[in-house]
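S.K.: Coordinates in input38.cif, mmCIF, C-alpha atoms, are listed below.
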```
data_run
loop_
_atom_site.label_atom_id
_atom_site.label_comp_id
_atom_site.auth_asym_id
_atom_site.auth_seq_id
_atom_site.Cartn_x
_atom_site.Cartn_y
_atom_site.Cartn_z
CA MET A 1 0.00 0.00 0.00
CA ASN A 2 1.47 3.33 -1.02
CA LEU A 3 -1.17 5.97 -0.57
CA GLU A 4 -3.12 7.07 2.48
CA HIS A 5 -6.89 7.04 2.36
CA THR A 6 -9.05 10.11 2.10
CA PRO A 7 -11.09 10.33 5.32
CA SER A 8 -14.87 9.99 5.30
CA GLN A 9 -17.22 12.77 6.42
CA THR A 10 -20.95 12.94 6.96
CA CYS A 11 -23.17 13.60 3.95
CA GLY A 12 -25.01 16.12 6.13
CA PRO A 13 -28.71 17.03 6.03
CA TYR A 14 -28.70 18.38 2.46
CA LEU A 15 -27.54 15.19 0.73
CA HIS A 16 -30.68 15.25 -1.44
CA ILE A 17 -29.27 18.08 -3.56
CA GLY A 18 -26.38 16.01 -4.80
CA LEU A 19 -27.48 12.41 -4.36
CA THR A 20 -31.20 11.70 -4.45
CA ASP A 21 -33.03 14.59 -6.17
CA LYS A 22 -31.80 13.25 -9.49
CA GLY A 23 -29.82 10.17 -8.50
CA SER A 24 -32.23 7.98 -6.54
CA VAL A 25 -32.97 4.47 -7.80
CA MET A 26 -36.02 3.01 -6.10
CA HIS A 27 -36.75 0.52 -8.88
CA ILE A 28 -33.75 -1.74 -8.66
CA ALA A 29 -35.43 -4.30 -10.93
CA SER A 30 -37.46 -3.05 -13.89
CA PRO A 31 -40.58 -5.10 -14.73
CA GLY A 32 -38.80 -7.26 -17.34
CA ILE A 33 -36.19 -8.60 -14.92
CA GLN A 34 -36.54 -12.24 -13.98
CA GLY A 35 -36.84 -13.26 -10.34
CA GLU A 36 -39.09 -13.29 -7.30
CA ARG A 37 -40.35 -9.73 -7.06
CA LEU A 38 -40.36 -7.93 -3.77
CA LEU A 39 -41.22 -4.55 -2.35
CA LEU A 40 -38.80 -3.78 0.45
CA LYS A 41 -39.99 -1.21 2.97
CA CYS A 42 -37.23 0.17 5.18
CA ARG A 43 -37.40 2.30 8.27
CA VAL A 44 -34.50 4.03 10.03
CA LEU A 45 -34.64 4.76 13.77
CA ASP A 46 -32.16 6.40 16.13
CA ALA A 47 -31.21 5.40 19.70
CA ASP A 48 -34.48 6.79 21.06
CA GLY A 49 -36.61 5.05 18.45
CA VAL A 50 -37.14 8.35 16.65
CA PRO A 51 -37.41 8.02 12.85
CA ILE A 52 -34.49 9.55 10.97
CA ASP A 53 -35.77 11.74 8.15
CA ASP A 54 -32.45 12.60 6.55
CA ALA A 55 -30.74 9.27 6.00
CA MET A 56 -29.88 7.61 2.70
CA ILE A 57 -29.77 3.91 1.97
CA GLU A 58 -27.81 2.31 -0.85
CA ILE A 59 -28.29 -1.30 -1.91
CA TRP A 60 -26.05 -3.52 -3.98
CA GLN A 61 -27.26 -6.98 -4.91
CA ALA A 62 -26.83 -9.98 -7.18
CA ASN A 63 -29.38 -11.02 -9.80
CA ALA A 64 -31.75 -13.97 -9.39
CA GLU A 65 -28.99 -16.38 -10.46
CA GLY A 66 -26.64 -15.02 -7.80
CA THR A 67 -24.19 -13.19 -10.03
CA TYR A 68 -23.08 -9.57 -9.71
CA ASN A 69 -23.02 -7.21 -12.67
CA HIS A 70 -19.34 -6.40 -12.20
CA PRO A 71 -16.03 -7.32 -13.88
CA ALA A 72 -14.78 -9.09 -10.72
CA ASP A 73 -17.62 -11.61 -11.05
CA SER A 74 -16.53 -13.64 -14.04
CA ARG A 75 -19.44 -16.10 -13.95
CA ASP A 76 -22.05 -16.14 -16.70
CA PRO A 77 -24.88 -13.85 -15.54
CA GLY A 78 -27.39 -15.94 -17.54
CA PRO A 79 -30.76 -14.33 -18.19
CA GLY A 80 -30.03 -11.76 -15.46
CA ALA A 81 -27.39 -9.94 -17.55
CA ALA A 82 -29.56 -6.81 -17.89
CA PHE A 83 -29.86 -6.41 -14.14
CA HIS A 84 -27.71 -3.67 -12.70
CA GLY A 85 -28.29 -4.30 -8.99
CA PHE A 86 -27.90 -0.84 -7.46
CA GLY A 87 -30.51 1.08 -5.47
CA ARG A 88 -30.50 4.39 -3.62
CA ALA A 89 -33.19 6.24 -1.70
CA ALA A 90 -33.47 8.91 0.98
CA THR A 91 -35.75 8.40 3.96
CA ASP A 92 -38.90 10.54 4.15
CA GLU A 93 -40.23 12.53 7.11
CA SER A 94 -41.32 9.28 8.79
CA GLY A 95 -37.91 7.64 8.36
CA ASN A 96 -39.19 5.37 5.60
CA CYS A 97 -38.02 4.47 2.12
CA GLU A 98 -38.77 1.58 -0.21
CA PHE A 99 -37.29 -0.36 -3.07
CA GLU A 100 -38.79 -2.52 -5.78
CA THR A 101 -36.47 -5.34 -6.57
CA ILE A 102 -36.05 -9.10 -6.93
CA LYS A 103 -34.76 -11.57 -4.41
CA PRO A 104 -31.09 -12.18 -5.21
CA GLY A 105 -29.75 -15.69 -5.78
CA ARG A 106 -27.04 -17.29 -3.70
CA VAL A 107 -23.53 -15.95 -4.23
CA PRO A 108 -20.29 -17.77 -3.45
CA GLY A 109 -18.78 -17.41 0.00
CA PRO A 110 -15.48 -18.53 1.50
CA GLN A 111 -14.19 -22.08 0.93
CA SER A 112 -16.62 -22.87 -1.89
CA SER A 113 -19.57 -22.23 0.38
CA LEU A 114 -22.73 -20.54 -0.85
CA GLN A 115 -24.14 -17.54 0.94
CA ALA A 116 -27.83 -17.18 1.68
CA PRO A 117 -29.67 -14.58 -0.42
CA HIS A 118 -28.86 -11.12 0.89
CA LEU A 119 -28.74 -7.45 -0.02
CA ASN A 120 -25.62 -5.43 0.75
CA VAL A 121 -26.53 -2.16 2.38
CA LEU A 122 -24.83 1.15 3.17
CA LEU A 123 -26.44 3.75 5.38
CA PHE A 124 -25.51 7.43 5.27
CA GLY A 125 -26.86 10.42 7.16
CA ARG A 126 -26.33 13.50 9.24
CA GLY A 127 -24.46 12.43 12.38
CA ILE A 128 -22.93 9.46 10.54
CA LEU A 129 -19.33 10.39 9.86
CA LEU A 130 -18.42 7.05 8.30
CA HIS A 131 -21.26 5.19 6.60
CA LEU A 132 -22.63 2.04 8.21
CA HIS A 133 -22.38 -1.28 6.36
CA THR A 134 -24.85 -4.11 6.88
CA ARG A 135 -26.78 -6.85 5.08
CA ILE A 136 -30.45 -7.67 4.71
CA TYR A 137 -31.35 -11.39 4.76
CA PHE A 138 -34.81 -12.88 4.24
CA ASP A 139 -36.53 -14.37 7.24
CA GLY A 140 -37.47 -18.01 6.72
CA ASP A 141 -35.03 -18.73 3.90
CA PRO A 142 -33.68 -22.24 4.49
CA ALA A 143 -30.18 -21.14 3.41
CA ASN A 144 -29.87 -18.72 6.37
CA GLU A 145 -29.01 -21.57 8.73
CA ALA A 146 -25.65 -22.31 7.10
CA ASP A 147 -24.79 -18.81 5.88
CA PRO A 148 -21.09 -18.18 6.58
CA VAL A 149 -21.60 -14.52 7.46
CA LEU A 150 -24.67 -14.98 9.69
CA ARG A 151 -22.65 -17.55 11.61
CA LEU A 152 -20.18 -14.82 12.57
CA VAL A 153 -23.00 -12.94 14.29
CA PRO A 154 -24.01 -13.88 17.87
CA GLU A 155 -27.17 -15.94 17.53
CA GLU A 156 -29.41 -13.60 19.49
CA ARG A 157 -28.51 -10.68 17.24
CA ARG A 158 -29.03 -12.41 13.87
CA VAL A 159 -32.68 -11.45 13.84
CA THR A 160 -31.68 -7.81 13.39
CA LEU A 161 -30.45 -8.72 9.90
CA PHE A 162 -33.72 -10.26 8.70
CA ALA A 163 -36.38 -8.60 6.60
CA HIS A 164 -39.82 -9.94 7.54
CA PRO A 165 -42.65 -10.70 5.12
CA ASP A 166 -45.81 -8.64 5.48
CA PRO A 167 -48.54 -11.09 6.58
CA GLU A 168 -51.19 -9.15 4.67
CA ARG A 169 -49.39 -8.12 1.51
CA PRO A 170 -47.57 -10.96 -0.24
CA GLY A 171 -44.30 -9.83 -1.78
CA THR A 172 -43.88 -6.95 0.67
CA TRP A 173 -41.02 -7.16 3.17
CA HIS A 174 -40.12 -4.94 6.12
CA PHE A 175 -36.71 -4.10 7.49
CA GLU A 176 -35.88 -1.81 10.40
CA PHE A 177 -32.54 -0.15 10.94
CA ARG A 178 -32.08 0.55 14.63
CA LEU A 179 -28.85 2.50 14.76
CA ARG A 180 -28.30 2.21 18.51
CA GLY A 181 -29.81 0.80 21.68
CA GLU A 182 -32.41 -1.90 22.10
CA ARG A 183 -32.37 -4.47 19.26
CA GLU A 184 -29.56 -2.51 17.62
CA THR A 185 -28.97 -3.63 14.03
CA VAL A 186 -25.75 -5.55 13.44
CA PHE A 187 -23.24 -3.54 11.44
CA PHE A 188 -20.10 -4.93 9.90
CA ASP A 189 -16.47 -3.94 9.93
CA VAL A 190 -15.75 -4.34 6.25
CA MET B 1 -18.62 -17.98 16.89
CA LYS B 2 -16.76 -19.37 13.94
CA SER B 3 -14.23 -17.46 11.98
CA ILE B 4 -13.89 -17.70 8.24
CA GLN B 5 -10.55 -18.15 6.64
CA LYS B 6 -9.35 -16.04 3.82
CA ASP B 7 -10.58 -17.17 0.46
CA PRO B 8 -7.78 -17.29 -2.12
CA SER B 9 -10.24 -16.85 -4.98
CA ILE B 10 -11.27 -13.40 -3.75
CA HIS B 11 -9.09 -10.34 -4.11
CA ALA B 12 -9.52 -8.95 -0.63
CA TYR B 13 -9.15 -5.21 -0.17
CA HIS B 14 -7.04 -3.30 2.31
CA ARG B 15 -8.84 -2.55 5.55
CA GLN B 16 -9.49 1.01 6.73
CA GLN B 17 -6.35 2.78 7.96
CA PRO B 18 -6.90 3.32 11.71
CA ASP B 19 -6.29 7.04 12.18
CA ALA B 20 -7.55 8.06 8.76
CA GLN B 21 -11.25 7.66 9.53
CA PRO B 22 -13.47 9.55 11.96
CA SER B 23 -14.58 8.24 15.33
CA ARG B 24 -18.16 7.08 14.78
CA VAL B 25 -19.31 8.56 18.05
CA TYR B 26 -17.62 11.92 18.49
CA ASP B 27 -19.25 13.80 21.37
CA PRO B 28 -18.52 17.34 20.13
CA TYR B 29 -20.64 16.51 17.03
CA ARG B 30 -23.86 15.93 18.92
CA SER B 31 -25.97 13.92 16.52
CA THR B 32 -23.30 11.18 16.27
CA VAL B 33 -24.31 10.03 19.76
CA THR B 34 -27.78 8.70 18.86
CA ARG B 35 -27.06 7.60 15.32
CA ASN B 36 -24.19 5.13 15.67
CA PRO B 37 -23.99 1.64 17.12
CA SER B 38 -22.99 1.01 20.72
CA LYS B 39 -21.94 -2.57 20.04
CA PRO B 40 -18.69 -3.38 18.28
CA LEU B 41 -18.89 -3.95 14.53
CA ILE B 42 -18.58 -7.55 13.37
CA PHE B 43 -15.52 -8.26 11.27
CA LEU B 44 -16.60 -9.30 7.78
CA PRO B 45 -14.23 -11.21 5.50
CA HIS B 46 -14.42 -9.96 1.92
CA THR B 47 -16.58 -11.95 -0.48
CA LEU B 48 -17.84 -11.09 -3.95
CA SER B 49 -20.64 -9.16 -2.23
CA GLU B 50 -18.12 -6.62 -0.95
CA THR B 51 -15.56 -6.61 -3.75
CA THR B 52 -18.08 -5.91 -6.50
CA GLY B 53 -20.16 -2.75 -6.75
CA PRO B 54 -22.09 -0.53 -9.12
CA VAL B 55 -20.08 0.31 -12.21
CA TYR B 56 -21.12 3.63 -13.68
CA GLY B 57 -19.06 3.75 -16.84
CA HIS B 58 -22.08 4.30 -19.05
CA ALA B 59 -24.22 6.52 -16.86
CA PRO B 60 -25.52 9.48 -18.85
CA VAL B 61 -23.73 12.61 -17.69
CA SER B 62 -24.03 15.85 -19.65
CA GLU B 63 -21.44 18.59 -20.01
CA THR B 64 -23.28 21.08 -17.80
CA ASP B 65 -23.47 18.45 -15.05
CA SER B 66 -19.83 19.23 -14.25
CA ASP B 67 -20.11 23.01 -14.71
CA LEU B 68 -22.24 24.35 -11.88
CA THR B 69 -21.98 27.88 -13.29
CA ARG B 70 -23.84 26.98 -16.50
CA GLN B 71 -26.94 25.21 -15.23
CA HIS B 72 -29.20 28.29 -15.37
CA LYS B 73 -29.90 31.31 -17.54
CA GLY B 74 -27.42 33.56 -15.79
CA GLU B 75 -24.16 33.05 -13.94
CA PRO B 76 -24.19 32.46 -10.20
CA LEU B 77 -22.65 35.10 -7.94
CA GLY B 78 -19.38 34.32 -6.22
CA GLU B 79 -15.76 33.51 -6.77
CA ARG B 80 -15.49 31.21 -9.80
CA ILE B 81 -13.37 28.11 -9.15
CA ILE B 82 -12.09 25.06 -10.96
CA VAL B 83 -11.79 21.92 -8.82
CA THR B 84 -9.90 19.06 -10.38
CA GLY B 85 -8.01 15.98 -9.30
CA ARG B 86 -7.69 12.23 -9.60
CA VAL B 87 -9.48 9.32 -8.03
CA LEU B 88 -6.90 6.68 -7.10
CA ASP B 89 -6.85 3.52 -5.06
CA ASP B 90 -4.33 3.09 -2.25
CA THR B 91 -2.00 1.12 -4.52
CA GLY B 92 -1.68 4.24 -6.68
CA ARG B 93 -3.81 2.89 -9.52
CA PRO B 94 -6.19 5.43 -11.06
CA VAL B 95 -9.90 4.63 -10.88
CA PRO B 96 -11.33 5.33 -14.35
CA ASN B 97 -15.02 5.54 -15.32
CA THR B 98 -16.25 6.06 -11.81
CA LEU B 99 -19.05 8.43 -10.81
CA VAL B 100 -18.14 11.53 -8.78
CA GLU B 101 -21.07 13.51 -7.37
CA ILE B 102 -20.77 16.86 -5.57
CA TRP B 103 -23.09 19.28 -3.80
CA GLN B 104 -22.48 22.56 -2.00
CA ALA B 105 -23.86 25.82 -0.61
CA ASN B 106 -23.88 28.98 -2.71
CA ALA B 107 -21.43 31.86 -2.25
CA ALA B 108 -23.55 33.24 0.60
CA GLY B 109 -23.46 29.95 2.50
CA ARG B 110 -27.02 28.90 1.67
CA TYR B 111 -28.10 25.53 0.27
CA GLN B 112 -30.86 25.26 -2.31
CA HIS B 113 -32.78 23.03 0.10
CA GLN B 114 -36.10 23.54 1.85
CA ARG B 115 -34.67 22.56 5.23
CA ASP B 116 -31.91 25.18 5.09
CA GLN B 117 -33.27 28.17 7.00
CA HIS B 118 -30.05 30.18 7.19
CA PRO B 119 -31.12 33.78 6.46
CA ALA B 120 -28.69 34.28 3.59
CA PRO B 121 -29.84 34.84 0.01
CA LEU B 122 -30.56 32.03 -2.41
CA ASP B 123 -29.08 32.43 -5.87
CA PRO B 124 -31.56 31.72 -8.69
CA ASN B 125 -28.62 30.80 -10.91
CA PHE B 126 -27.12 28.21 -8.61
CA SER B 127 -28.43 24.76 -7.69
CA GLY B 128 -25.17 23.48 -6.23
CA ALA B 129 -25.15 19.92 -7.60
CA GLY B 130 -22.72 18.35 -10.06
CA ARG B 131 -21.67 14.99 -11.38
CA VAL B 132 -18.97 13.66 -13.64
CA ILE B 133 -17.37 10.37 -14.64
CA THR B 134 -13.59 10.06 -14.23
CA ASP B 135 -11.60 9.67 -17.45
CA GLU B 136 -9.28 6.76 -18.26
CA ASN B 137 -6.60 8.18 -15.92
CA GLY B 138 -9.00 8.76 -13.04
CA ASN B 139 -9.21 12.53 -13.62
CA TYR B 140 -12.28 14.62 -12.90
CA ARG B 141 -12.93 18.36 -13.23
CA PHE B 142 -15.69 20.66 -12.01
CA VAL B 143 -16.31 24.36 -12.52
CA SER B 144 -18.23 26.03 -9.71
CA ILE B 145 -18.20 28.97 -7.33
CA LYS B 146 -16.57 28.97 -3.91
CA PRO B 147 -19.18 28.05 -1.28
CA GLY B 148 -19.63 30.28 1.76
CA ALA B 149 -19.30 29.26 5.41
CA TYR B 150 -22.61 28.80 7.17
CA PRO B 151 -23.97 28.51 10.72
CA TRP B 152 -25.51 25.36 12.22
CA PHE B 153 -27.06 24.43 15.54
CA ASN B 154 -24.58 21.93 16.93
CA HIS B 155 -23.30 24.30 19.63
CA TYR B 156 -23.26 28.02 20.40
CA ASN B 157 -21.93 30.07 17.47
CA ALA B 158 -21.20 26.97 15.37
CA TRP B 159 -20.05 27.60 11.79
CA ARG B 160 -19.03 25.09 9.15
CA PRO B 161 -15.87 25.88 7.20
CA ALA B 162 -16.52 26.28 3.47
CA HIS B 163 -16.70 22.84 1.87
CA ILE B 164 -17.89 20.84 -1.10
CA HIS B 165 -19.46 17.41 -0.49
CA PHE B 166 -17.93 14.63 -2.60
CA SER B 167 -19.40 11.18 -3.24
CA VAL B 168 -17.33 8.52 -5.04
CA PHE B 169 -17.90 4.85 -5.81
CA GLY B 170 -14.62 3.28 -6.89
CA ARG B 171 -14.51 -0.34 -8.07
CA ALA B 172 -16.17 -2.09 -5.15
CA PHE B 173 -19.03 -1.50 -2.73
CA LEU B 174 -16.46 -1.41 0.07
CA SER B 175 -14.49 1.40 -1.59
CA ARG B 176 -17.51 3.72 -1.44
CA LEU B 177 -16.63 7.11 0.03
CA ILE B 178 -18.55 10.24 0.92
CA THR B 179 -16.37 13.07 2.15
CA GLN B 180 -16.04 16.85 2.20
CA MET B 181 -13.40 18.94 0.45
CA TYR B 182 -12.20 22.01 2.32
CA PHE B 183 -10.28 25.12 1.22
CA PRO B 184 -6.76 25.94 2.42
CA GLY B 185 -6.26 28.24 5.40
CA ASP B 186 -9.84 28.28 6.67
CA PRO B 187 -9.91 29.82 10.18
CA LEU B 188 -12.93 27.66 11.11
CA PHE B 189 -11.05 24.31 11.03
CA ALA B 190 -10.08 24.60 14.70
CA PHE B 191 -13.72 24.99 15.76
CA ASP B 192 -15.44 22.46 13.48
CA PRO B 193 -16.22 19.09 15.11
CA ILE B 194 -16.90 17.43 11.74
CA TYR B 195 -13.44 18.30 10.46
CA GLN B 196 -11.89 17.55 13.87
CA SER B 197 -13.56 14.12 14.10
CA ILE B 198 -10.61 12.65 12.18
CA PRO B 199 -8.02 11.72 14.84
CA ASP B 200 -4.87 12.19 12.78
CA GLU B 201 -3.94 15.73 11.76
CA LYS B 202 -2.21 14.58 8.56
CA ALA B 203 -5.35 12.68 7.61
CA ARG B 204 -7.47 15.77 8.23
CA GLN B 205 -5.23 17.75 5.93
CA ARG B 206 -5.88 15.26 3.12
CA MET B 207 -9.40 16.72 2.93
CA ILE B 208 -8.04 20.19 2.12
CA ALA B 209 -7.70 21.03 -1.56
CA LYS B 210 -4.46 22.66 -2.73
CA PHE B 211 -4.51 25.97 -4.51
CA ASP B 212 -2.92 25.33 -7.92
CA LEU B 213 -1.68 28.09 -10.19
CA GLU B 214 -1.47 25.69 -13.13
CA THR B 215 -5.14 24.85 -12.82
CA THR B 216 -5.98 28.54 -12.35
CA LYS B 217 -7.18 30.15 -15.59
CA PRO B 218 -5.89 33.71 -16.18
CA GLN B 219 -8.61 36.38 -16.00
CA TRP B 220 -11.24 33.73 -15.25
CA ALA B 221 -11.10 31.34 -12.26
CA LEU B 222 -8.95 30.11 -9.36
CA GLY B 223 -7.87 26.48 -9.53
CA TYR B 224 -7.80 23.88 -6.78
CA ARG B 225 -6.54 20.29 -6.82
CA PHE B 226 -8.15 17.58 -4.75
CA ASP B 227 -7.06 13.95 -5.15
CA ILE B 228 -9.20 11.23 -3.61
CA VAL B 229 -7.67 7.96 -2.42
CA LEU B 230 -9.98 4.96 -2.01
CA ARG B 231 -9.31 1.53 -0.57
CA GLY B 232 -7.55 -0.76 -3.03
CA PRO B 233 -7.01 -4.49 -3.46
CA GLU B 234 -4.35 -6.34 -1.44
CA ALA B 235 -2.87 -7.73 -4.62
CA THR B 236 -3.30 -6.10 -8.00
CA PRO B 237 -5.82 -8.23 -9.85
CA PHE B 238 -4.80 -9.74 -13.14
CA GLU B 239 -6.14 -7.72 -16.00
CA PRO B 240 -6.51 -9.45 -19.33
#
```
Using the file provided, produce a representation of the structure as structure tokens.
M.R.:
Amino acid sequence: MNLEHTPSQTCGPYLHIGLTDKGSVMHIASPGIQGERLLLKCRVLDADGVPIDDAMIEIWQANAEGTYNHPADSRDPGPGAAFHGFGRAATDESGNCEFETIKPGRVPGPQSSLQAPHLNVLLFGRGILLHLHTRIYFDGDPANEADPVLRLVPEERRVTLFAHPDPERPGTWHFEFRLRGERETVFFDV
Amino acid sequence: MKSIQKDPSIHAYHRQQPDAQPSRVYDPYRSTVTRNPSKPLIFLPHTLSETTGPVYGHAPVSETDSDLTRQHKGEPLGERIIVTGRVLDDTGRPVPNTLVEIWQANAAGRYQHQRDQHPAPLDPNFSGAGRVITDENGNYRFVSIKPGAYPWFNHYNAWRPAHIHFSVFGRAFLSRLITQMYFPGDPLFAFDPIYQSIPDEKARQRMIAKFDLETTKPQWALGYRFDIVLRGPEATPFEP
């Protein structure tokens, strides 16, 4: 390593000007993309359970076959080649934002393991000097049990990484980011 | 808990350099206290999920996207500036075709944003947002006006030093960076908890652009250079 990193700073409360007024991507999967469709509803809460109305969430995910649209993933993307896999949205005044996407396939993990379907997530906001990195898994997926990353997380905290299906609206999933305190979401040192 | 061993098929990236990044909870910056985890982060080995990321090489970006002085009928008020530099990874390799997004206050220190209530004038000729894709050598260039300092409510008589927000992707989701570029010699550095949240003074100074006479255009605009260094791979990947 030769060069020193540029430090991170908060995006501040006016991030919308540069990032989401023109650059938000709430439809990660356009209607033609193959896969199990889902509407992901996210909510961001602070240590006191107060919704955060000036956060931004970015999502990066594989297609339904489990390949990433990126040169480092040399596998054949199959019918999912048209899928980009990036999403970005700011939270509204109630701390909510949502994404239309597809459930990703399983991507390779360490030692020829397969990871359970997951979304990679970054969270930015006022008061967040260095963005937070986490993952969203899908509650009830049989692959969760053996997922190599979930196994690194203390068992009682794994639930904080699961999106839950809406019992009344099939295809709708809910995920809560609790940044601190009770049932605090697991964040990763990446 | 189990640990996972390093996977030789993945080009892992360098980890964050300890003193180069801000403390997540930094008491002088009040809102960090309720918006950051209390539990330690869980160490994540790098898999394809982390070492891939959105590639923006073909995103549509127009010429006026990088010239913030030409986005309206008239010219914005203020000191015209050119801000240019390179996006590199920590191995010194340029990062080409990557999206750089910026946003800033106007010359009076006011953002074009409904939540900004600072009683300074808005400028009808300035929106304050720009975007550009780096060229094959990792270069980017913006034309803008110098933003003003502005007050905030963090503590009594709190003022932010003049800055431009920068957002960069790089090659992988883990190289993502949002930062702020400052201007040399700003007297507000000593009093700004956001700037001071970086423990190492040398690291803080890497967020300050350098005035550059070569970039400066005679009779037209002052030039500043600001290079951005992102996390890079542990070993340079083979490129066919």
S.K.: Would you list which chain A residues are within 8 Å of chain B using all atoms listed in the file, as a PDB file with C-alpha atoms, keeping the file's coordinate frame?
M.R.:
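The resulting part-v1.pdb:
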```
ATOM      1  CA  MET A   1       0.000   0.000   0.000  1.00  0.00           C
ATOM      2  CA  ASN A   2       1.470   3.330  -1.020  1.00  0.00           C
ATOM      3  CA  LEU A   3      -1.170   5.970  -0.570  1.00  0.00           C
ATOM      4  CA  GLU A   4      -3.120   7.070   2.480  1.00  0.00           C
ATOM      5  CA  HIS A   5      -6.890   7.040   2.360  1.00  0.00           C
ATOM      6  CA  THR A   6      -9.050  10.110   2.100  1.00  0.00           C
ATOM      7  CA  PRO A   7     -11.090  10.330   5.320  1.00  0.00           C
ATOM      8  CA  SER A   8     -14.870   9.990   5.300  1.00  0.00           C
ATOM      9  CA  GLN A   9     -17.220  12.770   6.420  1.00  0.00           C
ATOM     10  CA  THR A  10     -20.950  12.940   6.960  1.00  0.00           C
ATOM     11  CA  CYS A  11     -23.170  13.600   3.950  1.00  0.00           C
ATOM     12  CA  TYR A  14     -28.700  18.380   2.460  1.00  0.00           C
ATOM     13  CA  LEU A  15     -27.540  15.190   0.730  1.00  0.00           C
ATOM     14  CA  ILE A  17     -29.270  18.080  -3.560  1.00  0.00           C
ATOM     15  CA  GLY A  18     -26.380  16.010  -4.800  1.00  0.00           C
ATOM     16  CA  LEU A  19     -27.480  12.410  -4.360  1.00  0.00           C
ATOM     17  CA  ASP A  46     -32.160   6.400  16.130  1.00  0.00           C
ATOM     18  CA  ALA A  47     -31.210   5.400  19.700  1.00  0.00           C
ATOM     19  CA  ASP A  48     -34.480   6.790  21.060  1.00  0.00           C
ATOM     20  CA  TRP A  60     -26.050  -3.520  -3.980  1.00  0.00           C
ATOM     21  CA  GLN A  61     -27.260  -6.980  -4.910  1.00  0.00           C
ATOM     22  CA  ALA A  62     -26.830  -9.980  -7.180  1.00  0.00           C
ATOM     23  CA  TYR A  68     -23.080  -9.570  -9.710  1.00  0.00           C
ATOM     24  CA  ASN A  69     -23.020  -7.210 -12.670  1.00  0.00           C
ATOM     25  CA  HIS A  70     -19.340  -6.400 -12.200  1.00  0.00           C
ATOM     26  CA  PRO A  71     -16.030  -7.320 -13.880  1.00  0.00           C
ATOM     27  CA  ALA A  72     -14.780  -9.090 -10.720  1.00  0.00           C
ATOM     28  CA  ASP A  73     -17.620 -11.610 -11.050  1.00  0.00           C
ATOM     29  CA  HIS A  84     -27.710  -3.670 -12.700  1.00  0.00           C
ATOM     30  CA  GLY A  85     -28.290  -4.300  -8.990  1.00  0.00           C
ATOM     31  CA  PHE A  86     -27.900  -0.840  -7.460  1.00  0.00           C
ATOM     32  CA  VAL A 107     -23.530 -15.950  -4.230  1.00  0.00           C
ATOM     33  CA  PRO A 108     -20.290 -17.770  -3.450  1.00  0.00           C
ATOM     34  CA  GLY A 109     -18.780 -17.410   0.000  1.00  0.00           C
ATOM     35  CA  PRO A 110     -15.480 -18.530   1.500  1.00  0.00           C
ATOM     36  CA  GLN A 111     -14.190 -22.080   0.930  1.00  0.00           C
ATOM     37  CA  ASN A 120     -25.620  -5.430   0.750  1.00  0.00           C
ATOM     38  CA  ARG A 126     -26.330  13.500   9.240  1.00  0.00           C
ATOM     39  CA  GLY A 127     -24.460  12.430  12.380  1.00  0.00           C
ATOM     40  CA  ILE A 128     -22.930   9.460  10.540  1.00  0.00           C
ATOM     41  CA  LEU A 129     -19.330  10.390   9.860  1.00  0.00           C
ATOM     42  CA  LEU A 130     -18.420   7.050   8.300  1.00  0.00           C
ATOM     43  CA  PRO A 148     -21.090 -18.180   6.580  1.00  0.00           C
ATOM     44  CA  VAL A 149     -21.600 -14.520   7.460  1.00  0.00           C
ATOM     45  CA  ARG A 151     -22.650 -17.550  11.610  1.00  0.00           C
ATOM     46  CA  LEU A 152     -20.180 -14.820  12.570  1.00  0.00           C
ATOM     47  CA  VAL A 153     -23.000 -12.940  14.290  1.00  0.00           C
ATOM     48  CA  PRO A 154     -24.010 -13.880  17.870  1.00  0.00           C
ATOM     49  CA  LEU A 179     -28.850   2.500  14.760  1.00  0.00           C
ATOM     50  CA  ARG A 180     -28.300   2.210  18.510  1.00  0.00           C
ATOM     51  CA  GLY A 181     -29.810   0.800  21.680  1.00  0.00           C
ATOM     52  CA  GLU A 184     -29.560  -2.510  17.620  1.00  0.00           C
ATOM     53  CA  THR A 185     -28.970  -3.630  14.030  1.00  0.00           C
ATOM     54  CA  VAL A 186     -25.750  -5.550  13.440  1.00  0.00           C
ATOM     55  CA  PHE A 187     -23.240  -3.540  11.440  1.00  0.00           C
ATOM     56  CA  PHE A 188     -20.100  -4.930   9.900  1.00  0.00           C
ATOM     57  CA  ASP A 189     -16.470  -3.940   9.930  1.00  0.00           C
ATOM     58  CA  VAL A 190     -15.750  -4.340   6.250  1.00  0.00           C
TER      59      VAL A 190
END
```
S.K.: Between CA of Asn154 (chain B) and CA of Phe169 (chain B), what is the distance, to one decimal in Å?
M.R.: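 If I compute the distance from CA of Asn154 (chain B) to CA of Phe169 (chain B), I get 29.2 Å.
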S.K.: Rounded to one decimal in Å, what is the spacing between CA of Pro218 (chain B) and CA of Arg80 (chain B)?
M.R.: 11.8 Å
S.K.: Evaluate the PyMOL selection byres ((chain B and resi 134-136) around 6) on the structure here and hand back the selected residues as a list of chain:residue names.
M.R.: B:Pro96, B:Asn97, B:Thr98, B:Ile133, B:Asn137, B:Gly138, B:Asn139, B:Tyr140
S.K.: Taking all atoms listed in the file into account, which of B:Val95, B:Val100, B:Ala107, B:Ala12 comes nearest Lys146 (chain B)?
M.R.: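 Once distances to Lys146 (chain B) are computed over all atoms listed in the file, the minimum belongs to B:Ala107.
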S.K.: Apply the PyMOL selection byres ((chain A and resi 136) around 6) to the file shown and report the selected residues as an mmCIF file with C-alpha atoms, in the frame of the given file.
M.R.:
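Produced file part-v3.cif, reproduced below:
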```
data_model
loop_
_atom_site.group_PDB
_atom_site.id
_atom_site.type_symbol
_atom_site.label_atom_id
_atom_site.label_comp_id
_atom_site.auth_asym_id
_atom_site.auth_seq_id
_atom_site.Cartn_x
_atom_site.Cartn_y
_atom_site.Cartn_z
ATOM 1 C CA HIS A 118 -28.860 -11.120 0.890
ATOM 2 C CA LEU A 119 -28.740 -7.450 -0.020
ATOM 3 C CA ARG A 135 -26.780 -6.850 5.080
ATOM 4 C CA TYR A 137 -31.350 -11.390 4.760
ATOM 5 C CA LEU A 161 -30.450 -8.720 9.900
ATOM 6 C CA PHE A 162 -33.720 -10.260 8.700
#
```
